[in-house]
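Student: Quick one: structure below, then a few questions.
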Amino acid sequence: MKQALAIAADVRAGRTSATAVVEACLASLPADDAPLRAVTRILADRARAEASAVDAQIAAGRDPGPLAGLPYGVKDLFDVAGLPTTAGSALYADAPPAIADADAVSRLRAAGAVLVATLNMDEFAYGFATINARHGTTRNPHDTSRLAGGSSGGSAAVVAAGLLPFTLGSDTNGSVRVPASLTGVYGLKPTHGDLPMGGVFPFAASFDDVGHFATSVADMIAIWEVLAGTVAPSDNSAIRVARLGGRFGDNVDPDQVAALTAIAPDAPVVVLPDIARARSAAFLITAFEGGALHRAALARDAMSFDPQTRDRLIAGALLPQTLCDEAQAFRVAFRRRVLDLIAPYDVLLAPATPCVAPPVDSPSILIDGEMRPARADLGIHTQPISFLGLPSLAVPLLRSGRLPIGLQLVGKPGGEAMLFRYASMLEQRGITGVSAPVGALQGETA
Amino acid sequence: MATSSRTLPTIDPFLIWLIGTVAAASLLPVRGDAAGWVGLIADLAIALLFFLHGAKLSRAAIVQGMGNWRLHGLVLSSTYILFPVVGVVLVMVMAGHADPLLLSGLLFLTLLPSTVQSSIAFTAMAGGDVAAAVCSASLSNLLGIALTPLLVALVMHGGGEGGVSSWQSVRSIALQLLAPFLAGHLLRPLIGGFVDRHKKLLQPVDRGSILLVVYSAFSAAVVGGIWSKVGLTDLLTLLALSAVVLAVIMGTNALVARLFKLPRQDAIVLFFCGSKKSLVSGVPMAGALFPAAQVGIVLLPLMIFHQLQLFLCAAMAGRFRRQGEALVATEAARAVPRAQDDIARAAADRDMAIPASCMPGVEANLALLDGHAQTLRGDA
């Protein structure tokens, strides 16, 4: 699969049609996805109709938008008109169909993009593993015996495998950045609340955000501009960079340390205070809000929930409100302190995940010398950033032939454009970039 | 005495007896030779009273609760330093504005030891450290046998109206009280068990002795024309002054507890043991310390103060208890349910039933969340 902007440019220039792009995608997707278990529904009729509409606009001499003819998929928690929004759960498999697209999907459609599939996830987005009882465990395209990460694992895997040029996911505590790091693609968690959440099945409203995956910084920018309804400003000022130290220096891969040193050898190290408390507060708020959201359904029919999430959601539903209030109060004070601390910098560098993708048959990772469940702890470095509501761009280290791992570029609120600028520089220096998986999944599929 | 968990202040039934005795002495005062006999019996009653006090006082309780020196020091300081200072200042301020004998009575009450029974009862009601209260109040009473006469001699010397004549009389008075007290206490190994087992039987002896002293004292006072000297205005003035004393002492003790960062249970002990004065000790001491004609009028402030402190302490004990219950409820409300009973209760509160097969997983997840709660609170 070509990069997104290259496909859109070909469609807009008439070198190919949206219909041809989409038909090729629809022809290859079922077979190519089979070993990944990343796709949950292929929306052939809708995709063909949207592609035809794009082609009709071009034929009529109208601009179909910057994403003309680009096939894409969405995590199973975005409303798609006419389909039930399942959030990866059997509980909602027969829910009434959505009456309209999610706001983000509407914006992409208006920009010429073509929705072809819905994608696998941890049930209700509660996990960092995409282990789903109904749709199976999404595999990592770089090694199908390993996890793709989660909860937007399906969205990351299809982009990493080159099956779709970009996808949408959601990030509550790292659900875009974790799978982006493990599958070796770019993934953005925007400034909290900046991208439209209308029509997205919630998980923990305090942290939920829409995010997207792509294979180049240029693609990331183009898609973000459509989703945000803005244009990244051009800016040539010097970028002030710091590295996050303290807890972000523990539980890291040696390659991440080497890359951070290579990227910014003289950058000051900023240690965020109380980072362990911040992560715990994020954990508690997430558990409380997730549990509260599903309390009625749990009371009604707990056994229909995915066993992987059921017990976690029940436990969250039993947490006292006062504990969540304490965590929220801590969050307010913590955010104020951290914003003061990071005020002198534009970009903060940190690891995205503590390790490469763990095996599917033994989904545990080493944290502080102990084996911990990957499902809960892969987000150790992303969760505190979500807690602060800061934008964070996961960038893949360029290391062809090896299991992917990524870094986070963390910005100040509203600082996405600065993150993109810095990511472009790293991409140009050959430090970051997407490597195609080796083996059966490698190669052009469209 | 308010020993139940009731929170509304109630009239102390014993006060009714006291008022009745004062009324009886006012209407039928004992005179002449009979007065001498009654006085003698009253003296014997005082000796019996202090004998029983000595026998009742448990050294084991004092030794057991002795560890908390800081708390006991604060309680004793309140009883024997703060109270007398407030008394002296108030008497100086009020000099010339109230009957000197009544002011002497006011000063006298500030020199008395703390109560034992009601201090412990209110501490228990308020959720304070009962063992520490037993020790503190007992210690205060024990030391009071010596300290109160000394303080009386120190603060109220100089003779004249409302004064105590000389060190000689103080020493003899101290001996008059101390001797039976020590005798009772030294005999405690022999009679302590009996006294402890028959507290209810001995209570009439206790209270009867006090009523006899009051009757004797007021008879003399009535014969001396107390009711022509003391009017309603004086009684109201005494009530107001008692309120001032209590407000200053209670406020200071609350402040001291905060300054010394006392645990809540200790702060309650200081509040109750440090702000009370013993009628049971005060009546016989007044009987022994003051001329018979003055005892009645000197005791009036103590009787008024005594009832006021019971009112206020009952109200405050109720308030402390509610605060304590709220604290416990807050702690419970903040806690992550861990035990199966707590989990089941939390689920029932949310109209949920946890399938049995989920319970192990739910417990494990709650343990994980509890760990995060502790990390958040800085406990981990």
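Every chain in the structure tokens takes a letter, A first, then B, and so on in the order presented; its residues are numbered from 1, and the ligands are numbered from 1 following the presented order.
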Compute the set of chain A residues within 12 Å of chain B, using only C-alpha atoms, and express it as JSON, numbers by chain.
Tutor: {"A": [274, 275, 276, 277, 278, 279, 280, 281, 282, 283, 284, 285, 286, 287, 288, 291, 292, 294, 295, 296, 297, 298, 299, 300, 301, 302, 303, 304, 305, 306, 307, 308, 309, 310, 311, 312, 313, 314, 315, 316, 317, 318, 319, 320, 321, 322, 323, 324, 325, 326, 327, 328, 329, 330, 331, 334, 372, 373, 376, 377]}
Student: List as number ranges by chain the protein and nucleic acid residues near Ile210 (chain B), meaning an atom at most 12 Å away when only C-alpha atoms are counted, but skip any in the same chain fewer than 2 places from it.
Tutor: B: 14-15, 17-18, 21-22, 41-50, 203-208, 212-218, 278-287, 299, 303
Student: Go ahead and save the residues from that selection, with C-alpha atoms, as a short mmCIF file (atom, residue, chain, number, x, y, z; two decimals), in the first residue's frame.
Tutor:
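Result file follows (result.cif):
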```cif
data_model
loop_
_atom_site.label_atom_id
_atom_site.label_comp_id
_atom_site.auth_asym_id
_atom_site.auth_seq_id
_atom_site.Cartn_x
_atom_site.Cartn_y
_atom_site.Cartn_z
CA PHE B 14 -28.00 14.71 91.67
CA LEU B 15 -28.33 18.43 91.11
CA TRP B 17 -30.97 16.49 95.23
CA LEU B 18 -28.50 19.31 95.83
CA THR B 21 -30.90 20.00 100.15
CA VAL B 22 -30.19 23.71 99.77
CA ILE B 41 -21.31 13.94 111.39
CA ALA B 42 -20.45 15.95 108.27
CA ASP B 43 -16.77 15.83 109.19
CA LEU B 44 -17.02 12.08 109.62
CA ALA B 45 -18.86 11.87 106.31
CA ILE B 46 -16.00 13.77 104.65
CA ALA B 47 -13.51 11.34 106.13
CA LEU B 48 -15.62 8.42 104.94
CA LEU B 49 -15.93 9.98 101.52
CA PHE B 50 -12.19 10.38 101.13
CA GLN B 203 -23.06 5.41 95.83
CA PRO B 204 -25.66 6.49 98.41
CA VAL B 205 -22.87 6.76 101.01
CA ASP B 206 -20.91 8.85 98.52
CA ARG B 207 -23.74 11.14 97.64
CA GLY B 208 -25.29 11.12 101.09
CA LEU B 212 -24.92 16.10 104.47
CA VAL B 213 -22.01 18.50 104.04
CA VAL B 214 -24.13 20.73 101.84
CA TYR B 215 -26.97 20.67 104.36
CA SER B 216 -24.64 21.47 107.21
CA ALA B 217 -22.90 24.22 105.24
CA PHE B 218 -26.09 25.83 104.00
CA SER B 278 -15.09 17.87 90.78
CA LEU B 279 -18.12 18.62 92.91
CA VAL B 280 -17.48 15.43 94.81
CA SER B 281 -14.03 16.63 95.83
CA GLY B 282 -14.95 20.28 96.07
CA VAL B 283 -17.78 20.05 98.59
CA PRO B 284 -15.81 18.27 101.32
CA MET B 285 -12.73 20.36 100.61
CA ALA B 286 -14.74 23.54 101.02
CA GLY B 287 -16.22 22.12 104.18
CA LEU B 299 -20.09 26.28 97.23
CA MET B 303 -22.75 23.93 92.08
#
```
Student: Need to verify the contact set: Ser206 (chain A), 10 Å, only C-alpha atoms, exclusion of same-chain residues closer than 2 positions in sequence. Can you return it as a PyMOL selection string?
Tutor: chain A and resi 172+192-193+202-204+208-209+282+285-286+289+328+386-387+389
Student: For the structure I just gave you, how does DSSP split region 11-158 of chain A - specifically, which residues are strand (DSSP E)? Reply as a list in words.
Tutor: Val39, Thr40, Arg41, Ile42, Pro71, Tyr72, Gly73, Val74, Lys75, Val114, Leu115, Val116, Ala117, Thr118, Leu119, Ile131, Asn132, Gly136, Thr137, Arg139, Asn140, Asp143, Thr144, Ser145, Arg146 and Leu147 of chain A
Student: Given the selection you just returned, output its residues as a file containing C-alpha atoms, formatted as a JSON list (two decimals), in the first residue's frame.
Tutor:
```json
[["chain", "number", "residue", "atom", "x", "y", "z"],
["A", 39, "VAL", "CA", -10.84, -6.51, 10.64],
["A", 40, "THR", "CA", -14.29, -7.10, 12.12],
["A", 41, "ARG", "CA", -16.55, -5.94, 9.28],
["A", 42, "ILE", "CA", -15.84, -5.14, 5.64],
["A", 71, "PRO", "CA", -9.56, 3.74, 1.90],
["A", 72, "TYR", "CA", -9.52, 3.62, 5.65],
["A", 73, "GLY", "CA", -10.95, 1.74, 8.60],
["A", 74, "VAL", "CA", -12.23, 2.69, 12.02],
["A", 75, "LYS", "CA", -12.02, 1.05, 15.39],
["A", 114, "VAL", "CA", -13.60, 6.02, 1.82],
["A", 115, "LEU", "CA", -14.56, 3.86, 4.79],
["A", 116, "VAL", "CA", -13.98, 0.20, 4.01],
["A", 117, "ALA", "CA", -13.83, -1.63, 7.35],
["A", 118, "THR", "CA", -14.38, -1.65, 11.07],
["A", 119, "LEU", "CA", -11.49, -2.92, 13.16],
["A", 131, "ILE", "CA", -7.49, -9.77, 23.03],
["A", 132, "ASN", "CA", -11.15, -10.03, 22.07],
["A", 136, "GLY", "CA", -10.01, -13.12, 18.40],
["A", 137, "THR", "CA", -6.64, -11.66, 19.30],
["A", 139, "ARG", "CA", -1.71, -10.32, 15.72],
["A", 140, "ASN", "CA", 1.31, -8.22, 15.08],
["A", 143, "ASP", "CA", 5.45, -11.40, 14.03],
["A", 144, "THR", "CA", 2.03, -13.00, 14.12],
["A", 145, "SER", "CA", 2.91, -14.90, 17.28],
["A", 146, "ARG", "CA", 2.97, -11.57, 19.09],
["A", 147, "LEU", "CA", 0.37, -9.05, 20.17]]
```
Student: As JSON, numbers by chain, list the residues of region 180-417 of chain A assigned to helix (DSSP H, G or I) by DSSP on the backbone atoms of this structure.
Tutor: {"A": [180, 181, 182, 183, 217, 218, 219, 220, 221, 222, 223, 224, 225, 226, 227, 228, 246, 247, 248, 249, 254, 255, 256, 257, 258, 259, 260, 261, 262, 263, 275, 276, 277, 278, 279, 280, 281, 282, 283, 284, 285, 286, 287, 288, 289, 290, 291, 292, 293, 294, 295, 296, 297, 298, 299, 300, 301, 302, 303, 304, 307, 308, 309, 310, 311, 312, 313, 314, 315, 316, 317, 321, 322, 323, 324, 325, 326, 327, 328, 329, 330, 331, 332, 333, 334, 335, 336, 337, 338, 339, 340, 341, 342, 374, 375, 376, 377, 383, 384, 385, 386, 387, 388, 416, 417]}
Student: Find the spatial neighbours of region 21-38 of chain A, counting only C-alpha atoms, within a cut-off of 8 Å - ignore same-chain residues fewer than 5 positions away - and output them as a short mmCIF file (atom, residue, chain, number, x, y, z; two decimals) with N, CA and C atoms, in the first residue's frame.
Tutor:
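See selection-v2.cif below for the written result:
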```cif
data_model
loop_
_atom_site.label_atom_id
_atom_site.label_comp_id
_atom_site.auth_asym_id
_atom_site.auth_seq_id
_atom_site.Cartn_x
_atom_site.Cartn_y
_atom_site.Cartn_z
N THR A 16 -5.57 7.39 -11.27
CA THR A 16 -6.36 6.21 -10.93
C THR A 16 -7.68 6.73 -10.38
N ALA A 44 -18.27 -3.26 2.12
CA ALA A 44 -18.07 -3.19 0.67
C ALA A 44 -19.06 -2.23 0.00
N ALA A 47 -18.36 1.34 0.86
CA ALA A 47 -17.09 1.78 0.29
C ALA A 47 -17.25 2.07 -1.20
N ARG A 48 -17.95 1.20 -1.86
CA ARG A 48 -18.15 1.41 -3.31
C ARG A 48 -18.96 2.69 -3.55
N ALA A 51 -16.72 5.68 -2.91
CA ALA A 51 -15.70 5.81 -3.97
C ALA A 51 -16.34 6.38 -5.23
N GLY A 69 -10.42 9.41 -2.28
CA GLY A 69 -10.29 7.99 -2.63
C GLY A 69 -9.48 7.16 -1.66
N LEU A 70 -9.11 7.72 -0.56
CA LEU A 70 -8.27 6.99 0.41
C LEU A 70 -9.10 5.98 1.20
N PRO A 71 -8.83 4.70 1.07
CA PRO A 71 -9.56 3.74 1.90
C PRO A 71 -9.04 3.77 3.34
N VAL A 114 -12.61 7.07 2.05
CA VAL A 114 -13.60 6.02 1.82
C VAL A 114 -13.50 4.97 2.92
N VAL A 116 -13.85 1.55 4.54
CA VAL A 116 -13.98 0.20 4.01
C VAL A 116 -14.15 -0.87 5.10
N LEU A 119 -12.72 -2.24 12.75
CA LEU A 119 -11.49 -2.92 13.16
C LEU A 119 -11.53 -3.39 14.60
N ASN A 120 -10.74 -4.41 14.86
CA ASN A 120 -10.78 -5.10 16.16
C ASN A 120 -10.20 -4.24 17.29
N HIS A 135 -13.88 -11.61 18.47
CA HIS A 135 -13.19 -11.51 17.17
C HIS A 135 -11.79 -12.10 17.19
N GLY A 136 -11.35 -12.54 18.32
CA GLY A 136 -10.01 -13.12 18.40
C GLY A 136 -8.97 -12.08 18.76
N THR A 137 -7.74 -12.55 18.92
CA THR A 137 -6.64 -11.66 19.30
C THR A 137 -5.96 -11.13 18.04
N THR A 138 -5.86 -9.82 17.96
CA THR A 138 -5.19 -9.23 16.80
C THR A 138 -3.69 -9.49 16.89
N ARG A 139 -3.13 -9.95 15.77
CA ARG A 139 -1.71 -10.32 15.72
C ARG A 139 -0.87 -9.19 15.17
N ASN A 140 0.38 -9.25 15.53
CA ASN A 140 1.31 -8.22 15.08
C ASN A 140 1.81 -8.58 13.68
N PRO A 141 1.67 -7.70 12.70
CA PRO A 141 2.12 -8.04 11.33
C PRO A 141 3.61 -8.36 11.26
N THR A 144 3.43 -12.69 13.78
CA THR A 144 2.03 -13.00 14.12
C THR A 144 1.90 -13.84 15.39
N GLY A 153 -5.81 -2.14 18.52
CA GLY A 153 -4.85 -3.04 17.86
C GLY A 153 -5.18 -3.30 16.41
N GLY A 154 -6.48 -3.47 16.12
CA GLY A 154 -6.85 -3.72 14.73
C GLY A 154 -6.47 -2.54 13.84
N SER A 155 -6.69 -1.33 14.34
CA SER A 155 -6.41 -0.12 13.56
C SER A 155 -4.91 -0.01 13.27
N ALA A 157 -2.68 -2.58 13.33
CA ALA A 157 -2.16 -3.73 12.58
C ALA A 157 -2.40 -3.60 11.08
N VAL A 158 -3.59 -3.13 10.69
CA VAL A 158 -3.86 -3.05 9.25
C VAL A 158 -2.99 -2.00 8.58
N LEU A 163 -2.32 -2.86 4.73
CA LEU A 163 -3.63 -3.19 4.17
C LEU A 163 -4.49 -1.95 3.98
N LEU A 164 -4.29 -0.95 4.78
CA LEU A 164 -4.98 0.33 4.63
C LEU A 164 -3.97 1.45 4.90
N LEU A 441 3.33 -10.96 4.89
CA LEU A 441 2.52 -9.75 4.88
C LEU A 441 3.23 -8.57 4.22
N THR A 445 0.01 -4.12 -1.55
CA THR A 445 -1.24 -4.86 -1.72
C THR A 445 -2.24 -4.05 -2.53
N ALA A 446 -1.87 -2.89 -2.94
CA ALA A 446 -2.80 -2.10 -3.75
C ALA A 446 -2.02 -1.30 -4.77
#
```
Student: Near Asp194 (chain A), within 12 Å and counting only C-alpha atoms, which residues show up once chain neighbours fewer than 2 positions away are dropped, as a PDB file with N, CA and C atoms, in the first residue's frame?
Tutor:
```pdb
ATOM      1  N   ALA A 104     -16.087  12.312  13.410  1.00  0.00           N
ATOM      2  CA  ALA A 104     -14.780  12.140  12.768  1.00  0.00           C
ATOM      3  C   ALA A 104     -14.937  11.464  11.411  1.00  0.00           C
ATOM      4  N   LEU A 188      -1.295   9.217  16.750  1.00  0.00           N
ATOM      5  CA  LEU A 188      -1.440  10.470  17.517  1.00  0.00           C
ATOM      6  C   LEU A 188      -2.537  10.368  18.555  1.00  0.00           C
ATOM      7  N   LYS A 189      -2.179  10.785  19.775  1.00  0.00           N
ATOM      8  CA  LYS A 189      -3.204  11.111  20.781  1.00  0.00           C
ATOM      9  C   LYS A 189      -3.231  12.634  20.843  1.00  0.00           C
ATOM     10  N   PRO A 190      -4.340  13.249  20.446  1.00  0.00           N
ATOM     11  CA  PRO A 190      -4.359  14.714  20.382  1.00  0.00           C
ATOM     12  C   PRO A 190      -4.487  15.341  21.774  1.00  0.00           C
ATOM     13  N   THR A 191      -4.370  16.653  21.832  1.00  0.00           N
ATOM     14  CA  THR A 191      -4.716  17.378  23.057  1.00  0.00           C
ATOM     15  C   THR A 191      -6.125  16.967  23.459  1.00  0.00           C
ATOM     16  N   HIS A 192      -6.304  16.649  24.733  1.00  0.00           N
ATOM     17  CA  HIS A 192      -7.602  16.108  25.149  1.00  0.00           C
ATOM     18  C   HIS A 192      -8.749  17.050  24.768  1.00  0.00           C
ATOM     19  N   PRO A 196     -13.108  15.717  17.386  1.00  0.00           N
ATOM     20  CA  PRO A 196     -14.542  15.488  17.683  1.00  0.00           C
ATOM     21  C   PRO A 196     -14.806  14.072  18.201  1.00  0.00           C
ATOM     22  N   MET A 197     -15.487  13.994  19.324  1.00  0.00           N
ATOM     23  CA  MET A 197     -15.806  12.701  19.953  1.00  0.00           C
ATOM     24  C   MET A 197     -17.259  12.283  19.705  1.00  0.00           C
ATOM     25  N   GLY A 198     -18.017  13.108  18.993  1.00  0.00           N
ATOM     26  CA  GLY A 198     -19.422  12.775  18.729  1.00  0.00           C
ATOM     27  C   GLY A 198     -19.519  11.440  18.008  1.00  0.00           C
ATOM     28  N   PHE A 207     -10.556  10.961  29.805  1.00  0.00           N
ATOM     29  CA  PHE A 207      -9.332  10.806  29.006  1.00  0.00           C
ATOM     30  C   PHE A 207      -9.584  10.443  27.544  1.00  0.00           C
ATOM     31  N   ASP A 208     -10.814  10.099  27.181  1.00  0.00           N
ATOM     32  CA  ASP A 208     -11.080   9.594  25.824  1.00  0.00           C
ATOM     33  C   ASP A 208     -10.733  10.619  24.750  1.00  0.00           C
ATOM     34  N   ASP A 209     -10.042  10.152  23.705  1.00  0.00           N
ATOM     35  CA  ASP A 209      -9.765  10.993  22.538  1.00  0.00           C
ATOM     36  C   ASP A 209      -9.753  10.131  21.285  1.00  0.00           C
ATOM     37  N   VAL A 210     -10.067  10.764  20.163  1.00  0.00           N
ATOM     38  CA  VAL A 210      -9.919  10.116  18.857  1.00  0.00           C
ATOM     39  C   VAL A 210      -8.453  10.237  18.436  1.00  0.00           C
ATOM     40  N   GLY A 211      -7.922   9.187  17.824  1.00  0.00           N
ATOM     41  CA  GLY A 211      -6.551   9.278  17.308  1.00  0.00           C
ATOM     42  C   GLY A 211      -6.457   8.565  15.971  1.00  0.00           C
ATOM     43  N   TRP A 224      -4.780  14.719  10.291  1.00  0.00           N
ATOM     44  CA  TRP A 224      -5.072  15.541  11.485  1.00  0.00           C
ATOM     45  C   TRP A 224      -5.742  16.854  11.097  1.00  0.00           C
ATOM     46  N   GLU A 225      -5.265  17.454   9.972  1.00  0.00           N
ATOM     47  CA  GLU A 225      -5.869  18.724   9.539  1.00  0.00           C
ATOM     48  C   GLU A 225      -7.346  18.542   9.204  1.00  0.00           C
ATOM     49  N   LEU A 227      -9.339  16.093  10.444  1.00  0.00           N
ATOM     50  CA  LEU A 227     -10.079  15.784  11.676  1.00  0.00           C
ATOM     51  C   LEU A 227     -10.247  17.016  12.557  1.00  0.00           C
ATOM     52  N   ALA A 228      -9.206  17.830  12.610  1.00  0.00           N
ATOM     53  CA  ALA A 228      -9.237  19.002  13.500  1.00  0.00           C
ATOM     54  C   ALA A 228      -9.906  20.193  12.812  1.00  0.00           C
ATOM     55  N   GLY A 229     -10.081  20.103  11.484  1.00  0.00           N
ATOM     56  CA  GLY A 229     -10.657  21.231  10.754  1.00  0.00           C
ATOM     57  C   GLY A 229      -9.759  22.441  10.799  1.00  0.00           C
ATOM     58  N   THR A 230      -8.452  22.196  10.724  1.00  0.00           N
ATOM     59  CA  THR A 230      -7.504  23.299  10.805  1.00  0.00           C
ATOM     60  C   THR A 230      -6.308  23.007   9.891  1.00  0.00           C
ATOM     61  N   GLY A 389      -3.621  15.226  29.719  1.00  0.00           N
ATOM     62  CA  GLY A 389      -4.353  15.757  28.566  1.00  0.00           C
ATOM     63  C   GLY A 389      -3.457  16.340  27.492  1.00  0.00           C
ATOM     64  N   LEU A 390      -2.174  16.008  27.526  1.00  0.00           N
ATOM     65  CA  LEU A 390      -1.228  16.591  26.563  1.00  0.00           C
ATOM     66  C   LEU A 390      -1.271  15.817  25.242  1.00  0.00           C
ATOM     67  N   PRO A 391      -0.951  16.489  24.140  1.00  0.00           N
ATOM     68  CA  PRO A 391      -0.856  15.759  22.876  1.00  0.00           C
ATOM     69  C   PRO A 391       0.412  14.914  22.861  1.00  0.00           C
ATOM     70  N   PRO A 413      -0.368  21.632  25.496  1.00  0.00           N
ATOM     71  CA  PRO A 413      -1.739  21.641  24.955  1.00  0.00           C
ATOM     72  C   PRO A 413      -1.808  22.461  23.659  1.00  0.00           C
ATOM     73  N   GLY A 414      -2.392  21.870  22.629  1.00  0.00           N
ATOM     74  CA  GLY A 414      -2.486  22.550  21.345  1.00  0.00           C
ATOM     75  C   GLY A 414      -1.191  22.538  20.547  1.00  0.00           C
ATOM     76  N   GLY A 415      -0.225  21.760  20.991  1.00  0.00           N
ATOM     77  CA  GLY A 415       1.104  21.785  20.353  1.00  0.00           C
ATOM     78  C   GLY A 415       1.326  20.716  19.302  1.00  0.00           C
ATOM     79  N   GLU A 416       0.247  20.194  18.676  1.00  0.00           N
ATOM     80  CA  GLU A 416       0.399  19.122  17.690  1.00  0.00           C
ATOM     81  C   GLU A 416       1.297  19.528  16.524  1.00  0.00           C
TER      82      GLU A 416
END
```
